[in-house]
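J.: So I've got this file, my_file-v3.txt, and it contains compact mmCIF, N, CA and C atoms:
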```txt
# COMPACT_ATOMS: atom_id res chain seq x y z
N ALA A 114 55.32 0.10 15.00
CA ALA A 114 55.83 -0.45 16.25
C ALA A 114 54.66 -0.84 17.14
N SER A 115 54.92 -1.78 18.02
CA SER A 115 53.87 -2.18 18.97
C SER A 115 54.49 -2.74 20.24
N PHE A 116 53.71 -2.67 21.32
CA PHE A 116 54.13 -3.17 22.62
C PHE A 116 53.54 -4.56 22.87
N SER A 117 54.24 -5.33 23.69
CA SER A 117 53.71 -6.62 24.14
C SER A 117 52.57 -6.37 25.12
N PRO A 118 51.74 -7.39 25.36
CA PRO A 118 50.61 -7.21 26.29
C PRO A 118 51.03 -6.71 27.68
N ASP A 119 52.20 -7.11 28.15
CA ASP A 119 52.65 -6.67 29.48
C ASP A 119 53.39 -5.33 29.44
N GLY A 120 53.61 -4.77 28.23
CA GLY A 120 54.28 -3.49 28.10
C GLY A 120 55.78 -3.53 28.27
N LEU A 121 56.38 -4.71 28.38
CA LEU A 121 57.82 -4.81 28.62
C LEU A 121 58.64 -4.96 27.34
N LEU A 122 58.00 -5.30 26.24
CA LEU A 122 58.70 -5.48 24.96
C LEU A 122 58.13 -4.53 23.92
N LEU A 123 58.99 -4.11 22.99
CA LEU A 123 58.58 -3.25 21.90
C LEU A 123 59.10 -3.84 20.60
N ALA A 124 58.22 -4.01 19.61
CA ALA A 124 58.61 -4.48 18.27
C ALA A 124 58.77 -3.26 17.38
N THR A 125 59.91 -3.19 16.66
CA THR A 125 60.17 -2.08 15.75
C THR A 125 60.58 -2.60 14.39
N ALA A 126 60.50 -1.73 13.38
CA ALA A 126 60.91 -2.06 12.02
C ALA A 126 61.89 -1.00 11.54
N SER A 127 62.71 -1.35 10.53
CA SER A 127 63.68 -0.37 10.06
C SER A 127 63.99 -0.55 8.58
N GLU A 128 64.62 0.47 8.02
CA GLU A 128 64.97 0.46 6.60
C GLU A 128 66.02 -0.58 6.24
N ASP A 129 66.73 -1.11 7.22
CA ASP A 129 67.76 -2.10 6.92
C ASP A 129 67.18 -3.50 6.72
N GLY A 130 65.84 -3.63 6.70
CA GLY A 130 65.20 -4.91 6.44
C GLY A 130 65.02 -5.77 7.68
N LEU A 131 65.23 -5.19 8.85
CA LEU A 131 65.12 -5.95 10.09
C LEU A 131 63.94 -5.50 10.92
N ALA A 132 63.33 -6.44 11.60
CA ALA A 132 62.38 -6.15 12.67
C ALA A 132 63.08 -6.56 13.96
N ARG A 133 62.89 -5.80 15.01
CA ARG A 133 63.56 -6.08 16.28
C ARG A 133 62.55 -6.06 17.42
N ILE A 134 62.82 -6.87 18.42
CA ILE A 134 62.08 -6.80 19.68
C ILE A 134 63.04 -6.28 20.73
N TRP A 135 62.62 -5.22 21.41
CA TRP A 135 63.44 -4.59 22.44
C TRP A 135 62.84 -4.88 23.80
N ASN A 136 63.69 -5.23 24.76
CA ASN A 136 63.28 -5.37 26.15
C ASN A 136 63.38 -3.98 26.76
N LEU A 137 62.26 -3.41 27.16
CA LEU A 137 62.26 -2.02 27.64
C LEU A 137 62.85 -1.87 29.04
N VAL A 138 63.09 -2.98 29.73
CA VAL A 138 63.77 -2.91 31.02
C VAL A 138 65.26 -2.70 30.80
N THR A 139 65.83 -3.37 29.79
CA THR A 139 67.24 -3.21 29.42
C THR A 139 67.32 -2.94 27.93
N PRO A 140 67.02 -1.70 27.47
CA PRO A 140 66.87 -1.41 26.04
C PRO A 140 68.16 -1.19 25.26
N ASP A 141 69.33 -1.46 25.84
CA ASP A 141 70.58 -1.21 25.12
C ASP A 141 70.72 -2.06 23.86
N TRP A 142 70.24 -3.27 23.89
CA TRP A 142 70.37 -4.19 22.76
C TRP A 142 69.02 -4.84 22.49
N PRO A 143 68.73 -5.11 21.21
CA PRO A 143 67.46 -5.81 20.94
C PRO A 143 67.50 -7.22 21.51
N THR A 144 66.37 -7.69 21.98
CA THR A 144 66.24 -9.04 22.51
C THR A 144 66.30 -10.06 21.38
N ARG A 145 65.64 -9.74 20.27
CA ARG A 145 65.63 -10.64 19.12
C ARG A 145 65.56 -9.82 17.85
N VAL A 146 66.26 -10.29 16.81
CA VAL A 146 66.27 -9.63 15.50
C VAL A 146 65.68 -10.58 14.48
N PHE A 147 64.75 -10.07 13.68
CA PHE A 147 64.09 -10.85 12.63
C PHE A 147 64.51 -10.28 11.29
N ARG A 148 65.00 -11.13 10.42
CA ARG A 148 65.54 -10.69 9.14
C ARG A 148 64.58 -11.05 8.01
N GLY A 149 64.34 -10.05 7.15
CA GLY A 149 63.60 -10.29 5.92
C GLY A 149 64.55 -10.79 4.84
N GLU A 150 64.06 -10.87 3.63
CA GLU A 150 64.91 -11.29 2.51
C GLU A 150 65.96 -10.23 2.22
N ARG A 151 67.14 -10.66 1.88
CA ARG A 151 68.21 -9.74 1.49
C ARG A 151 68.71 -10.18 0.12
N HIS A 152 68.82 -9.23 -0.76
CA HIS A 152 69.31 -9.49 -2.10
C HIS A 152 70.66 -8.82 -2.27
N ARG A 153 71.36 -9.17 -3.31
CA ARG A 153 72.71 -8.61 -3.49
C ARG A 153 72.71 -7.08 -3.53
N GLU A 154 71.74 -6.50 -4.23
CA GLU A 154 71.75 -5.05 -4.43
C GLU A 154 71.05 -4.28 -3.32
N TYR A 155 70.16 -4.92 -2.58
CA TYR A 155 69.35 -4.18 -1.64
C TYR A 155 68.80 -5.10 -0.55
N ALA A 156 68.36 -4.49 0.52
CA ALA A 156 67.59 -5.19 1.55
C ALA A 156 66.18 -4.62 1.48
N ASN A 157 65.19 -5.46 1.61
CA ASN A 157 63.82 -4.95 1.67
C ASN A 157 63.69 -4.05 2.89
N THR A 158 62.93 -2.97 2.76
CA THR A 158 62.68 -2.06 3.87
C THR A 158 61.52 -2.59 4.69
N MET A 159 61.76 -2.83 5.96
CA MET A 159 60.70 -3.28 6.86
C MET A 159 59.90 -2.04 7.26
N LEU A 160 58.64 -2.00 6.88
CA LEU A 160 57.81 -0.81 7.12
C LEU A 160 57.20 -0.77 8.51
N ASP A 161 56.85 -1.94 9.03
CA ASP A 161 56.18 -1.96 10.33
C ASP A 161 56.38 -3.33 10.96
N ALA A 162 56.38 -3.39 12.27
CA ALA A 162 56.46 -4.65 13.01
C ALA A 162 55.44 -4.60 14.12
N ARG A 163 54.70 -5.69 14.29
CA ARG A 163 53.65 -5.75 15.30
C ARG A 163 53.71 -7.07 16.04
N LEU A 164 53.53 -7.00 17.34
CA LEU A 164 53.38 -8.19 18.16
C LEU A 164 51.92 -8.59 18.18
N SER A 165 51.64 -9.88 18.15
CA SER A 165 50.26 -10.37 18.26
C SER A 165 49.74 -10.05 19.66
N PRO A 166 48.42 -10.02 19.84
CA PRO A 166 47.86 -9.71 21.16
C PRO A 166 48.37 -10.61 22.29
N ASP A 167 48.70 -11.86 21.98
CA ASP A 167 49.22 -12.75 23.03
C ASP A 167 50.75 -12.70 23.13
N GLY A 168 51.40 -11.90 22.26
CA GLY A 168 52.86 -11.74 22.31
C GLY A 168 53.64 -12.90 21.74
N LYS A 169 52.98 -13.87 21.11
CA LYS A 169 53.67 -15.06 20.62
C LYS A 169 54.17 -14.94 19.19
N LEU A 170 53.63 -14.00 18.42
CA LEU A 170 54.01 -13.85 17.02
C LEU A 170 54.42 -12.41 16.73
N VAL A 171 55.29 -12.25 15.74
CA VAL A 171 55.68 -10.93 15.25
C VAL A 171 55.35 -10.89 13.77
N ALA A 172 54.64 -9.86 13.34
CA ALA A 172 54.36 -9.64 11.93
C ALA A 172 55.18 -8.46 11.45
N GLY A 173 55.80 -8.60 10.28
CA GLY A 173 56.58 -7.52 9.69
C GLY A 173 56.17 -7.31 8.25
N GLY A 174 55.79 -6.08 7.92
CA GLY A 174 55.44 -5.74 6.54
C GLY A 174 56.62 -5.07 5.87
N PHE A 175 56.92 -5.43 4.63
CA PHE A 175 58.09 -4.91 3.95
C PHE A 175 57.78 -4.51 2.52
N VAL A 176 58.69 -3.72 1.96
CA VAL A 176 58.63 -3.33 0.56
C VAL A 176 60.05 -3.31 0.02
N GLY A 177 60.19 -3.71 -1.23
CA GLY A 177 61.47 -3.68 -1.92
C GLY A 177 61.21 -3.29 -3.37
N PRO A 178 62.25 -3.16 -4.16
CA PRO A 178 62.05 -2.80 -5.56
C PRO A 178 61.14 -3.80 -6.29
N GLY A 179 59.95 -3.37 -6.65
CA GLY A 179 59.04 -4.20 -7.42
C GLY A 179 58.31 -5.27 -6.64
N SER A 180 58.39 -5.26 -5.32
CA SER A 180 57.69 -6.30 -4.55
C SER A 180 57.38 -5.78 -3.15
N GLY A 181 56.63 -6.57 -2.43
CA GLY A 181 56.31 -6.26 -1.05
C GLY A 181 55.65 -7.47 -0.43
N GLY A 182 55.38 -7.41 0.84
CA GLY A 182 54.75 -8.55 1.49
C GLY A 182 54.82 -8.46 2.99
N MET A 183 54.66 -9.62 3.62
CA MET A 183 54.63 -9.69 5.07
C MET A 183 55.25 -11.00 5.53
N TYR A 184 55.95 -10.94 6.63
CA TYR A 184 56.48 -12.13 7.29
C TYR A 184 55.76 -12.29 8.63
N LEU A 185 55.68 -13.53 9.07
CA LEU A 185 55.15 -13.83 10.39
C LEU A 185 56.16 -14.75 11.07
N TRP A 186 56.71 -14.31 12.22
CA TRP A 186 57.72 -15.07 12.95
C TRP A 186 57.20 -15.50 14.31
N ASP A 187 57.75 -16.58 14.83
CA ASP A 187 57.55 -16.97 16.22
C ASP A 187 58.39 -16.00 17.06
N ALA A 188 57.77 -15.27 17.97
CA ALA A 188 58.47 -14.24 18.74
C ALA A 188 59.53 -14.82 19.67
N ARG A 189 59.35 -16.03 20.12
CA ARG A 189 60.31 -16.63 21.06
C ARG A 189 61.52 -17.21 20.35
N THR A 190 61.30 -17.93 19.24
CA THR A 190 62.40 -18.63 18.57
C THR A 190 62.95 -17.87 17.37
N GLY A 191 62.16 -16.95 16.80
CA GLY A 191 62.59 -16.24 15.60
C GLY A 191 62.34 -17.02 14.32
N THR A 192 61.73 -18.19 14.41
CA THR A 192 61.45 -19.02 13.24
C THR A 192 60.35 -18.39 12.39
N ARG A 193 60.60 -18.27 11.09
CA ARG A 193 59.59 -17.73 10.20
C ARG A 193 58.47 -18.74 10.04
N GLN A 194 57.24 -18.31 10.31
CA GLN A 194 56.07 -19.17 10.24
C GLN A 194 55.36 -19.06 8.89
N LEU A 195 55.22 -17.84 8.39
CA LEU A 195 54.53 -17.59 7.12
C LEU A 195 55.22 -16.48 6.36
N GLU A 196 55.02 -16.48 5.06
CA GLU A 196 55.55 -15.42 4.20
C GLU A 196 54.50 -15.14 3.13
N PHE A 197 54.11 -13.88 3.03
CA PHE A 197 53.18 -13.45 2.00
C PHE A 197 53.93 -12.51 1.07
N MET A 198 53.96 -12.82 -0.21
CA MET A 198 54.71 -12.02 -1.17
C MET A 198 53.78 -11.44 -2.22
N ASN A 199 54.08 -10.21 -2.66
CA ASN A 199 53.38 -9.58 -3.74
C ASN A 199 54.40 -9.27 -4.83
N HIS A 200 54.27 -9.92 -5.95
CA HIS A 200 55.18 -9.70 -7.08
C HIS A 200 54.35 -9.22 -8.27
N PRO A 201 54.13 -7.90 -8.41
CA PRO A 201 53.33 -7.43 -9.54
C PRO A 201 54.01 -7.75 -10.86
N GLU A 202 53.22 -8.12 -11.81
CA GLU A 202 53.75 -8.45 -13.15
C GLU A 202 53.77 -7.22 -14.00
```
Take the structure I supplied and represent it as structure tokens, if you would.

T.:
Amino acid sequence: ASFSPDGLLLATASEDGLARIWNLVTPDWPTRVFRGERHREYANTMLDARLSPDGKLVAGGFVGPGSGGMYLWDARTGTRQLEFMNHPE
């Protein structure tokens, strides 16, 4: 988990494959939800979520059966910017 530069937002990760940004002023609901890949049998477990130092990007590291990787999202729009995958042979 990590805080935004102003300390008002918190990025978290969870076993359900989601990364979330929480507004700490009104923490009842996440401000934005970022979804990793979901497969029929399982959702990848999001291990960690971090906000970039300028608060513009969210990085989420995940692991699933036989694979792992990282996503990079635009924190404002939720658009996935990059995806790094590890598929061991």

J.: Using only N, CA and C atoms, list the residues that have an atom at most 6.5 Å from (63.5, -2.5, 7.9), coordinates as in the file, as a PyMOL selection string.

T.: chain A and resi 126-132+157-160

J.: In Å, rounded to a single decimal, give me how far atom CA of A:Pro118 is from atom CA of A:Pro166.

T.: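 We find that atom CA of A:Pro166 and atom CA of A:Pro118 lie 6.3 Å from each other.
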
J.: Rounded to one decimal, what separation in Å do you get between atom C of A:Ile134 and atom C of A:Leu122?

T.: 6.1 Å

J.: With a distance cut-off of 7 Å and all atoms listed in the file, select the neighbouring residues of A:Ala162, excluding the residue or stretch itself and same-chain residues fewer than 6 positions from it, and output the selection as a PyMOL selection string.

T.: chain A and resi 114-115+124-127+132-133+171-174

J.: When distances are computed from only C-alpha atoms, which of A:Gly182, A:Pro143, A:Gly120, A:Gly177 shows the smallest separation from A:Asn199?

T.: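 Of A:Gly182, A:Pro143, A:Gly120, A:Gly177, the one nearest A:Asn199, counting only C-alpha atoms, is A:Gly182.
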
J.: Just how far from atom CA of A:Phe147 is atom CA of A:Trp186, in Å to one decimal?

T.: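 Between atom CA of A:Trp186 and atom CA of A:Phe147 the gap works out to 7.6 Å.
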
J.: Compare A:Glu196, A:Asp141, A:Asp161, A:Asp167 by their minimum atom-to-atom distance to A:Tyr184, counting all atoms listed in the file, and give me the closest one.

T.: A:Glu196
